[in-house]
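A.B. asks: I am sharing structure.pdb, which consists of PDB, C-alpha atoms:
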```pdb
ATOM      1  CA  PHE A 906       0.000   0.000   0.000
ATOM      2  CA  PRO A 907       1.875   3.093  -1.140
ATOM      3  CA  SER A 908       2.020   6.186   1.069
ATOM      4  CA  HIS A 909       1.307   8.528  -1.850
ATOM      5  CA  ASP A 910      -1.282   8.723  -4.622
ATOM      6  CA  THR A 911      -0.230   6.579  -7.559
ATOM      7  CA  ARG A 912      -1.363   3.913  -9.957
ATOM      8  CA  LYS A 913       0.130   0.491  -9.332
ATOM      9  CA  THR A 914      -0.187  -2.875 -11.053
ATOM     10  CA  ILE A 915      -0.889  -5.792  -8.701
ATOM     11  CA  ASN A 916      -1.322  -9.278 -10.169
ATOM     12  CA  GLY A 917      -1.979  -7.767 -13.582
ATOM     13  CA  LYS A 918      -4.629  -5.315 -12.317
ATOM     14  CA  THR A 919      -4.025  -1.575 -12.347
ATOM     15  CA  VAL A 920      -5.317   0.157  -9.225
ATOM     16  CA  GLN A 921      -5.740   3.852  -8.545
ATOM     17  CA  PHE A 922      -4.946   4.274  -4.873
ATOM     18  CA  GLN A 923      -7.398   7.150  -4.539
ATOM     19  CA  GLU A 924     -10.231   4.681  -5.126
ATOM     20  CA  TRP A 925     -12.382   3.042  -2.470
ATOM     21  CA  PHE A 926     -10.762   0.681   0.001
ATOM     22  CA  THR A 927     -12.561  -1.290   2.707
ATOM     23  CA  VAL A 928     -10.164  -2.602   5.352
ATOM     24  CA  LEU A 929     -11.464  -5.320   7.693
ATOM     25  CA  GLU A 930     -10.002  -7.056  10.706
ATOM     26  CA  LYS A 931      -8.828 -10.548   9.747
ATOM     27  CA  THR A 932     -10.215 -13.141  12.138
ATOM     28  CA  ASP A 933      -8.794 -16.618  12.667
ATOM     29  CA  GLY A 934     -11.063 -19.651  12.540
ATOM     30  CA  ALA A 935     -12.540 -22.223  10.177
ATOM     31  CA  ASN A 936     -13.261 -20.932   6.671
ATOM     32  CA  VAL A 937     -16.610 -22.433   5.700
ATOM     33  CA  GLY A 938     -19.553 -21.526   3.541
ATOM     34  CA  THR A 939     -23.033 -22.240   2.306
ATOM     35  CA  ILE A 940     -24.889 -22.177  -0.990
ATOM     36  CA  ARG A 941     -28.641 -21.971  -1.328
ATOM     37  CA  THR A 942     -30.030 -24.432  -3.853
ATOM     38  CA  ASP A 943     -33.559 -24.867  -5.182
ATOM     39  CA  THR A 944     -34.186 -27.409  -2.431
ATOM     40  CA  GLY A 945     -32.343 -25.947   0.555
ATOM     41  CA  PHE A 946     -28.792 -25.245   1.726
ATOM     42  CA  GLU A 947     -25.492 -27.056   1.367
ATOM     43  CA  TYR A 948     -22.524 -26.393   3.681
ATOM     44  CA  ALA A 949     -18.868 -26.962   2.833
ATOM     45  CA  SER A 950     -15.374 -26.387   4.160
ATOM     46  CA  ARG A 951     -12.814 -24.334   2.251
ATOM     47  CA  ASN A 952     -11.632 -27.561   0.578
ATOM     48  CA  GLY A 953     -15.132 -28.270  -0.693
ATOM     49  CA  TYR A 954     -15.990 -31.142   1.649
ATOM     50  CA  SER A 955     -19.451 -31.349   3.167
ATOM     51  CA  CYS A 956     -19.591 -29.927   6.683
ATOM     52  CA  LYS A 957     -22.417 -32.322   7.544
ATOM     53  CA  THR A 958     -20.212 -35.408   7.150
ATOM     54  CA  ALA A 959     -16.813 -33.767   7.731
ATOM     55  CA  ASP A 960     -13.988 -35.534   9.550
ATOM     56  CA  PHE A 961     -13.362 -32.443  11.680
ATOM     57  CA  HIS A 962     -15.798 -31.868  14.513
ATOM     58  CA  HIS A 963     -15.784 -28.053  14.225
ATOM     59  CA  HIS A 964     -17.022 -28.281  10.620
ATOM     60  CA  ARG A 965     -19.856 -30.549  11.723
ATOM     61  CA  GLU A 966     -20.619 -28.115  14.540
ATOM     62  CA  PHE A 967     -20.871 -25.260  12.039
ATOM     63  CA  TYR A 968     -23.349 -27.341  10.039
ATOM     64  CA  ASP A 969     -25.434 -28.084  13.146
ATOM     65  CA  LEU A 970     -25.499 -24.423  14.095
ATOM     66  CA  MET A 971     -26.325 -23.026  10.654
ATOM     67  CA  SER A 972     -28.937 -25.652   9.825
ATOM     68  CA  GLN A 973     -30.937 -24.173  12.712
ATOM     69  CA  ARG A 974     -30.688 -20.713  11.114
ATOM     70  CA  GLU A 975     -31.873 -21.467   7.608
ATOM     71  CA  ASN A 976     -34.899 -19.231   8.040
ATOM     72  CA  ILE A 977     -32.457 -16.340   8.568
ATOM     73  CA  LEU A 978     -30.227 -17.420   5.679
ATOM     74  CA  SER A 979     -33.307 -17.466   3.444
ATOM     75  CA  GLU A 980     -33.756 -13.741   4.120
ATOM     76  CA  ILE A 981     -30.337 -12.849   2.681
ATOM     77  CA  LEU A 982     -29.682 -15.586   0.093
ATOM     78  CA  GLU A 983     -31.711 -16.522  -2.962
ATOM     79  CA  PRO A 984     -31.294 -19.835  -4.831
ATOM     80  CA  GLY A 985     -27.821 -19.851  -6.400
ATOM     81  CA  ASP A 986     -26.385 -17.349  -3.888
ATOM     82  CA  ARG A 987     -23.403 -18.208  -1.704
ATOM     83  CA  ALA A 988     -22.108 -16.925   1.618
ATOM     84  CA  VAL A 989     -18.651 -17.386   3.135
ATOM     85  CA  PHE A 990     -18.162 -17.492   6.911
ATOM     86  CA  GLU A 991     -15.365 -17.638   9.446
ATOM     87  CA  TYR A 992     -16.429 -19.922  12.283
ATOM     88  CA  LEU A 993     -14.666 -18.896  15.502
ATOM     89  CA  GLY A 994     -16.127 -21.510  17.803
ATOM     90  CA  TRP A 995     -12.760 -23.191  18.365
ATOM     91  CA  LYS A 996      -9.183 -21.955  18.808
ATOM     92  CA  HIS A 997      -7.004 -22.244  15.710
ATOM     93  CA  SER A 998      -4.113 -19.780  15.816
ATOM     94  CA  ILE A 999      -5.677 -17.177  18.116
ATOM     95  CA  ALA A1000      -7.665 -17.616  21.320
ATOM     96  CA  TYR A1001     -10.790 -15.447  21.626
ATOM     97  CA  ASP A1002     -13.279 -14.396  24.242
ATOM     98  CA  ILE A1003     -15.777 -13.267  21.625
ATOM     99  CA  PRO A1004     -18.384 -10.655  22.612
ATOM    100  CA  HIS A1005     -20.762 -11.870  19.894
ATOM    101  CA  ASP A1006     -21.839 -14.878  17.833
ATOM    102  CA  PRO A1007     -18.974 -17.092  16.548
ATOM    103  CA  CYS A1008     -20.185 -17.096  12.908
ATOM    104  CA  ILE A1009     -18.781 -14.091  11.024
ATOM    105  CA  ILE A1010     -20.032 -13.604   7.479
ATOM    106  CA  LEU A1011     -17.166 -12.564   5.199
ATOM    107  CA  ASP A1012     -18.625 -12.560   1.702
ATOM    108  CA  ILE A1013     -21.837 -12.905  -0.243
ATOM    109  CA  PHE A1014     -21.977 -13.891  -3.914
ATOM    110  CA  LYS A1015     -25.111 -13.133  -5.909
ATOM    111  CA  LYS A1016     -25.401 -14.393  -9.495
ATOM    112  CA  GLY A1017     -21.642 -15.007  -9.429
ATOM    113  CA  ARG A1018     -20.925 -11.439  -8.351
ATOM    114  CA  ARG A1019     -19.005 -10.745  -5.158
ATOM    115  CA  VAL A1020     -21.087  -8.185  -3.286
ATOM    116  CA  PRO A1021     -19.259  -4.990  -2.153
ATOM    117  CA  PHE A1022     -18.999  -4.683   1.604
ATOM    118  CA  ALA A1023     -21.287  -1.658   2.007
ATOM    119  CA  GLU A1024     -23.986  -3.485   0.037
ATOM    120  CA  MET A1025     -23.404  -6.598   2.121
ATOM    121  CA  GLN A1026     -23.904  -4.577   5.319
ATOM    122  CA  LYS A1027     -27.363  -3.590   4.082
ATOM    123  CA  ILE A1028     -28.250  -7.161   3.091
ATOM    124  CA  VAL A1029     -27.074  -8.710   6.354
ATOM    125  CA  GLY A1030     -28.252  -6.009   8.770
ATOM    126  CA  ASP A1031     -28.303  -7.486  12.262
ATOM    127  CA  LYS A1032     -28.927 -11.064  11.090
ATOM    128  CA  PHE A1033     -25.264 -12.145  11.260
ATOM    129  CA  GLN A1034     -22.036 -10.777  12.669
ATOM    130  CA  LEU A1035     -19.791  -8.926  10.207
ATOM    131  CA  PRO A1036     -16.026  -8.367  10.525
ATOM    132  CA  ASN A1037     -14.927  -5.127  12.151
ATOM    133  CA  VAL A1038     -14.323  -2.296   9.684
ATOM    134  CA  ILE A1039     -10.934  -0.711  10.358
ATOM    135  CA  TYR A1040     -11.133   1.814   7.541
ATOM    136  CA  ALA A1041     -13.441   2.599   4.627
ATOM    137  CA  GLY A1042     -12.577   5.357   2.196
ATOM    138  CA  PRO A1043     -10.184   6.424  -0.545
ATOM    139  CA  GLY A1044      -6.605   5.154  -0.532
ATOM    140  CA  PRO A1045      -3.782   5.127   0.157
ATOM    141  CA  CYS A1046      -3.867   2.785   3.186
ATOM    142  CA  PRO A1047      -0.345   2.656   4.671
ATOM    143  CA  ILE A1048       0.257  -0.499   6.713
ATOM    144  CA  PRO A1049       1.393   1.310   9.894
ATOM    145  CA  ASP A1050      -1.819   3.371   9.887
ATOM    146  CA  MET A1051      -3.998   0.287   9.434
ATOM    147  CA  LEU A1052      -2.180  -1.564  12.239
ATOM    148  CA  GLU A1053      -2.723   1.403  14.542
ATOM    149  CA  LEU A1054      -6.450   1.371  13.745
ATOM    150  CA  LEU A1055      -6.543  -2.409  14.220
ATOM    151  CA  GLY A1056      -4.861  -2.249  17.620
ATOM    152  CA  GLU A1057      -2.858  -5.037  19.194
ATOM    153  CA  TYR A1058      -5.859  -7.286  19.889
ATOM    154  CA  GLY A1059      -8.387  -6.071  17.325
ATOM    155  CA  HIS A1060     -12.104  -5.761  18.057
ATOM    156  CA  HIS A1061     -13.404  -9.341  18.164
ATOM    157  CA  GLY A1062     -12.176 -10.330  21.609
ATOM    158  CA  ALA A1063      -8.757 -11.753  20.690
ATOM    159  CA  ILE A1064      -6.664 -12.842  23.668
ATOM    160  CA  ASP A1065      -3.587 -13.374  21.491
ATOM    161  CA  LYS A1066      -2.510 -10.605  19.118
ATOM    162  CA  ALA A1067      -4.885  -9.989  16.214
ATOM    163  CA  GLU A1068      -3.739 -11.673  12.998
ATOM    164  CA  GLY A1069      -3.877  -8.707  10.625
ATOM    165  CA  PHE A1070      -6.328  -7.241   8.140
ATOM    166  CA  ILE A1071      -8.063  -7.784   4.806
ATOM    167  CA  VAL A1072      -8.195  -5.069   2.145
ATOM    168  CA  ARG A1073     -11.068  -5.044  -0.319
ATOM    169  CA  VAL A1074     -10.407  -2.831  -3.351
ATOM    170  CA  GLU A1075     -13.915  -1.749  -4.366
ATOM    171  CA  PRO A1076     -13.807   0.926  -7.086
ATOM    172  CA  LEU A1077     -16.779   2.824  -8.458
ATOM    173  CA  ARG A1078     -17.198   2.433 -12.224
ATOM    174  CA  ASN A1079     -20.068   4.205 -14.022
ATOM    175  CA  ASN A1080     -21.822   4.692 -10.675
ATOM    176  CA  VAL A1081     -21.621   0.953  -9.942
ATOM    177  CA  GLN A1082     -19.370  -0.312  -7.163
ATOM    178  CA  SER A1083     -17.611  -3.627  -7.678
ATOM    179  CA  VAL A1084     -15.012  -5.734  -5.883
ATOM    180  CA  GLU A1085     -11.794  -5.557  -7.899
ATOM    181  CA  PHE A1086      -9.790  -7.882  -5.662
ATOM    182  CA  LEU A1087      -8.880  -8.707  -2.051
ATOM    183  CA  CYS A1088      -5.511  -8.904  -0.348
ATOM    184  CA  LYS A1089      -4.369  -9.435   3.221
ATOM    185  CA  TYR A1090      -1.677  -8.347   5.646
ATOM    186  CA  VAL A1091      -0.574 -10.770   8.377
ATOM    187  CA  ARG A1092       1.638  -9.769  11.289
ATOM    188  CA  ASP A1093       5.237 -11.007  11.115
ATOM    189  CA  ASP A1094       4.918 -12.693  14.522
ATOM    190  CA  PHE A1095       1.679 -14.529  13.728
ATOM    191  CA  HIS A1096       1.938 -18.255  14.594
ATOM    192  CA  PRO A1097      -0.434 -20.229  12.318
ATOM    193  CA  GLY A1098      -2.003 -23.362  13.759
ATOM    194  CA  LYS A1099      -0.904 -22.603  17.301
ATOM    195  CA  TYR A1100      -3.828 -24.519  18.851
ATOM    196  CA  ILE A1101      -4.439 -27.086  16.090
ATOM    197  CA  THR A1102      -3.742 -30.819  16.311
ATOM    198  CA  ARG A1103      -4.097 -33.628  13.763
ATOM    199  CA  GLN A1104      -7.627 -34.104  15.099
ATOM    200  CA  GLY A1105      -8.406 -30.408  14.571
ATOM    201  CA  PRO A1106      -8.855 -27.755  17.269
ATOM    202  CA  LEU A1107      -9.328 -29.076  20.802
ATOM    203  CA  GLU A1108     -10.065 -25.915  22.802
ATOM    204  CA  LYS A1109     -13.221 -23.813  22.484
ATOM    205  CA  ASN A1110     -13.371 -20.048  22.372
ATOM    206  CA  GLY A1111     -15.773 -18.111  24.525
ATOM    207  CA  TYR A1112     -18.683 -16.503  22.638
ATOM    208  CA  ILE A1113     -22.264 -15.318  22.970
ATOM    209  CA  LEU A1114     -24.465 -17.381  20.669
ATOM    210  CA  GLY A1115     -26.836 -15.291  18.556
ATOM    211  CA  LYS A1116     -25.498 -11.887  19.595
ATOM    212  CA  VAL A1117     -24.583  -9.386  16.860
ATOM    213  CA  VAL A1118     -22.374  -6.379  17.641
ATOM    214  CA  LYS A1119     -22.213  -3.392  15.320
TER     215      LYS A1119
END
```
Translate this file's structure into structure tokens.
C.D. replies:
Amino acid sequence: FPSHDTRKTINGKTVQFQEWFTVLEKTDGANVGTIRTDTGFEYASRNGYSCKTADFHHHREFYDLMSQRENILSEILEPGDRAVFEYLGWKHSIAYDIPHDPCIILDIFKKGRRVPFAEMQKIVGDKFQLPNVIYAGPGPCPIPDMLELLGEYGHHGAIDKAEGFIVRVEPLRNNVQSVEFLCKYVRDDFHPGKYITRQGPLEKNGYILGKVVK
């Protein structure tokens, strides 16, 4: 993230750093998701395996939890839509005492289109927890400034240091906002898999089931 206004090519995409950036706290948990079909909902891990029959207990727990919330999911997802979550029920690399529900919705895809974050906020409302917004506005977004806004422990109840942040580059083109791409910054001293074993995570985080914090 440059500290001055410039155009820069990242992975073949040219970005004007005066355009809209949404910077979110990066949380550490199980990356899982759901798709609404014509007959209901399917739930899968990041690797594409069914959460319902998963080998790892925390994936099955996510399925059990979300299958009880399908009436709420039906309010934000139409058939063919997808949603991506971070499930923080168990310790992975960071321990949490979470002041809200452990299911954080990270992304919504409608008709194959990744929904910009501001639009997603309107769709989700208070139905699910969203990641904390560190910054939303025109670039540039210097890393030291974003880390200062993040704080040492972030805003989701981390007991260990917060992992880092996600940057969503969401430019406005012809009065339509789109998601150009995402990138992340992870602290140099982050220790991935700190609490994970071959059987998956063994220690639960604290959380308040069903609570949404704005």
A.B. asks: Using Å and a single decimal, report how far atom CA of A:Ile940 sits from atom CA of A:Thr927.
C.D. replies: 24.5 Å
A.B. asks: Neighbours of A:Gly953 within 10 Å (all atoms listed in the file; same-chain residues fewer than 3 positions away dropped), as a PyMOL selection string?
C.D. replies: chain A and resi 937-938+948-950+956
A.B. asks: At a cut-off of 6 Å, using all atoms listed in the file, what residues contact A:Tyr1100? Leave out same-chain residues fewer than 5 positions from it and give the result as JSON, numbers by chain.
C.D. replies: {"A": [996, 997, 998]}
A.B. asks: Could you dump the residues just selected with C-alpha atoms as a PDB file, in the coordinates of the input?
C.D. replies:
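As a result, part_12.pdb now contains:
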```pdb
ATOM      1  CA  LYS A 996      -9.183 -21.955  18.808  1.00  0.00           C
ATOM      2  CA  HIS A 997      -7.004 -22.244  15.710  1.00  0.00           C
ATOM      3  CA  SER A 998      -4.113 -19.780  15.816  1.00  0.00           C
TER       4      SER A 998
END
```
A.B. asks: Expand the PyMOL selection byres ((chain A and resi 968) around 10) into the individual residues it matches in the shown file, reporting them as a list in words.
C.D. replies: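 With the PyMOL selection byres ((chain A and resi 968) around 10) on this model, the match is Val937, Gly938, Thr939, Glu947, Tyr948, Ala949, Ser950, Ser955, Cys956, Lys957, Thr958, Ala959, His962, His963, His964, Arg965, Glu966, Phe967, Asp969, Leu970, Met971, Ser972, Gln973 and Arg974 of chain A.
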A.B. asks: Nearest to A:Leu1052 among A:Glu924, A:Asp1031, A:Asp1012, A:Glu930, with distances taken over only C-alpha atoms: which residue is it?
C.D. replies: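 The closest residue to A:Leu1052 is A:Glu930.
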A.B. asks: Run through the PyMOL selection byres ((chain A and resi 1085) around 6) on the given coordinates and return the selected residues as a list in words.
C.D. replies: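 This file, filtered by the PyMOL selection byres ((chain A and resi 1085) around 6), leaves Val1074, Glu1075, Val1084 and Phe1086 of chain A.
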A.B. asks: Decode the PyMOL selection byres ((chain A and resi 1083) around 12) for the given file into explicit residues and return them as a list in words.
C.D. replies: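 Output of the PyMOL selection byres ((chain A and resi 1083) around 12): Glu924, Trp925, Phe926, Thr927, Phe1014, Arg1018, Arg1019, Val1020, Pro1021, Phe1022, Ala1023, Glu1024, Met1025, Arg1073, Val1074, Glu1075, Pro1076, Leu1077, Arg1078, Asn1079, Asn1080, Val1081, Gln1082, Val1084, Glu1085, Phe1086 and Leu1087 of chain A.
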A.B. asks: Hey, what's within 10 Å of A:Gly1030 if we count all atoms listed in the file and toss same-chain stuff fewer than 5 positions away? As a ChimeraX atom specification, please?
C.D. replies: /A:981,1025,1035,1117,1119
A.B. asks: Could you tell me how far atom CA of A:Ile1003 sits from atom CA of A:Gly1115, in Å to one decimal place?
C.D. replies: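 Between atom CA of A:Gly1115 and atom CA of A:Ile1003 the gap is 11.7 Å.
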A.B. asks: Compile the contact shell of A:Thr942 as a list in words: residues with an atom at most 10 Å away, counting only C-alpha atoms, same-chain residues fewer than 3 positions apart removed.
C.D. replies: Thr939, Gly945, Phe946, Glu947, Leu982, Glu983, Pro984, Gly985, Asp986 and Arg987 of chain A
A.B. asks: May I ask which of the residues A:Glu991, A:Asp960, A:Glu975, A:Glu1057 is the closest one to A:Arg1103, counting all atoms listed in the file?
C.D. replies: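 The shortest atom-to-atom distance to A:Arg1103 comes from A:Asp960.
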A.B. asks: Give the answer as one residue: which of A:Ile1009, A:Val1118, A:Ala988, A:Leu1107 has the shortest atom-to-atom distance to A:Phe961, using only C-alpha atoms?
C.D. replies: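 Ranking A:Ile1009, A:Val1118, A:Ala988, A:Leu1107 by distance to A:Phe961, first place goes to A:Leu1107.
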A.B. asks: Might you pull out every residue within 9 Å of A:Gly1056, with all atoms listed in the file counted and same-chain residues fewer than 4 positions away left off, and present them as a PyMOL selection string?
C.D. replies: chain A and resi 1051-1052+1060+1066-1067
A.B. asks: Deliver the residues from the most recent selection as a file, using C-alpha atoms, as a compact mmCIF listing (two decimals), in the frame of the given file.
C.D. replies:
```
# COMPACT_ATOMS: atom_id res chain seq x y z
CA MET A 1051 -4.00 0.29 9.43
CA LEU A 1052 -2.18 -1.56 12.24
CA HIS A 1060 -12.10 -5.76 18.06
CA LYS A 1066 -2.51 -10.60 19.12
CA ALA A 1067 -4.88 -9.99 16.21
```
A.B. asks: One decimal, Å: what's the distance from atom CA of A:Asp1006 over to atom CA of A:Pro1097, could you say?
C.D. replies: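 About the pair atom CA of A:Asp1006 and atom CA of A:Pro1097: they are 22.7 Å apart.
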A.B. asks: Rank nothing, just name the residue among A:His1061, A:Lys931, A:Arg941, A:Arg951 nearest to A:Gly1111, using only C-alpha atoms.
C.D. replies: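 The closest residue to A:Gly1111 is A:His1061.
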